[in-house]
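Here the structure comes first, spelled out in structure tokens, and everything after it is commentary.
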Amino acid sequence: WWAAEYIAPPLKNDPGFWYMVISQDPCGWMAFSYAPMQVRANKALVKQALSMDTLAYKYAAEEVRSDREFALEAVKADWRVLKSVPEELREDREIILEGVGQDLHALEFASEELRQDQDFLLEVIEHNARTLSYMPEEQRTNRAVVGEAVERNGAALAYADEEHRRDRELLNEAMRSFHGTCTGFLWKTTYSFGQREKVLDPLEAALAAAAAAEEAAADAEGAEGADA
């Protein structure tokens, strides 16, 4: 492919020639980087190069890389295209959501504005609970924000601060997210995302309460007898 640098016109300006280079050589997409700009503005050729390797996107002409619909289709094929997407398209919620739906690392290529946008990040949490760890500190340490995140995806609690992971209300909300509503009985085991805590089952709890009541009554009778 390195010999492409020395190709002379008119062959160098022939889109058909470049199509054959890209199609026949696994590294042909790298040769595409030596094609004239007018050739790299040919969307059909860029798509062919992308089918060989998504890194070819960065060699496309700026007018192609700036085409929103073209960029969206490229990201749908491979989120790594975001590395070469123009800055203005990194503010596009749909394009970034398409990327993070494949890999959360795509969020690193979103605009700073989107990475600070609480509503957007909560939307991403619905697809990937680990998004909570990407939220700005003032958001991920805010109980109300964590609560909404857990409502949307119970697994998000695993990425919250320890204080919130021990919060009973948040734990119960996470359990509802996983298991739905229940009969109202206590869970035999509570989940604390890394720590387990024993809880009496309903029968054991009732027996313990009855025993405690009997002991209290006995103590009361003994006290009355002593006074007499």
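In the structure tokens, each chain is lettered A, B, ... as it comes, each chain's residues begin at 1, and ligands are numbered from 1 in order of appearance.
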Practice problem: Quick one: pick out all helix (DSSP H, G or I) residues within region 16-215 of chain A from a backbone DSSP run and write them as a VMD selection string. | Solution: chain A and resid 16 to 24 28 to 34 37 to 40 43 to 52 54 to 59 62 to 65 68 to 77 79 to 84 87 to 91 93 to 100 104 to 109 112 to 116 118 to 125 129 to 134 137 to 140 143 to 152 154 to 159 162 to 165 168 to 179 202 to 215
Note to self: Would you pick out the contacts of Glu108 (chain A) at 12 Å or less, using only C-alpha atoms, so that residues sharing its chain but fewer than 4 positions from it are not included, and give the list as an MDAnalysis selection string?
What the structure shows: chainID A and resid 79:80 82:83 90:91 96:97 99:100 103:104 112:116 131 134:135
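Using only C-alpha atoms, the nearest neighbour of Ala3 (chain A) within the list A:Asp78, A:Ala155, A:Pro26, A:Phe32 is A:Phe32.
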Practice item. Name all residues at most 7 Å from region 57-59 of chain A (count only C-alpha atoms; drop same-chain ones fewer than 5 positions away) and give them as a ChimeraX atom specification. Key: /A:33,50,81,84
Find the spatial neighbours of Asp67 (chain A), counting only C-alpha atoms, within a cut-off of 12 Å - ignore same-chain residues fewer than 5 positions away - and output them as a ChimeraX atom specification. /A:41,43,57,60-62,72-74,85-86,88-89,95
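Distance annotation: of A:Cys27, A:Ala160, A:Leu171, A:Ala56, the residue with the minimal separation from Val146 (chain A) is A:Ala160; atom set is only C-alpha atoms.
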Separating CA of Val145 (chain A) from CA of Leu132 (chain A), to the nearest tenth of an Å, is a gap of 9.5 Å
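Residue nearest Ala35 (chain A), chosen from A:Glu126, A:Glu137, A:Asp14, A:Glu94 and counting only C-alpha atoms: A:Asp14.
Excluding Ile125 (chain A) itself and same-chain residues fewer than 6 positions from it, the residues having an atom within 9 Å of it are A:Thr131, A:Leu132, A:Ala149, A:Val150, A:Arg152, A:Asn153, A:Ala156, counting only C-alpha atoms.
If only C-alpha atoms are the atoms counted, then among A:Val46, A:Asp167, A:Arg130, A:Glu5 the closest residue to Ala31 (chain A) is A:Glu5.
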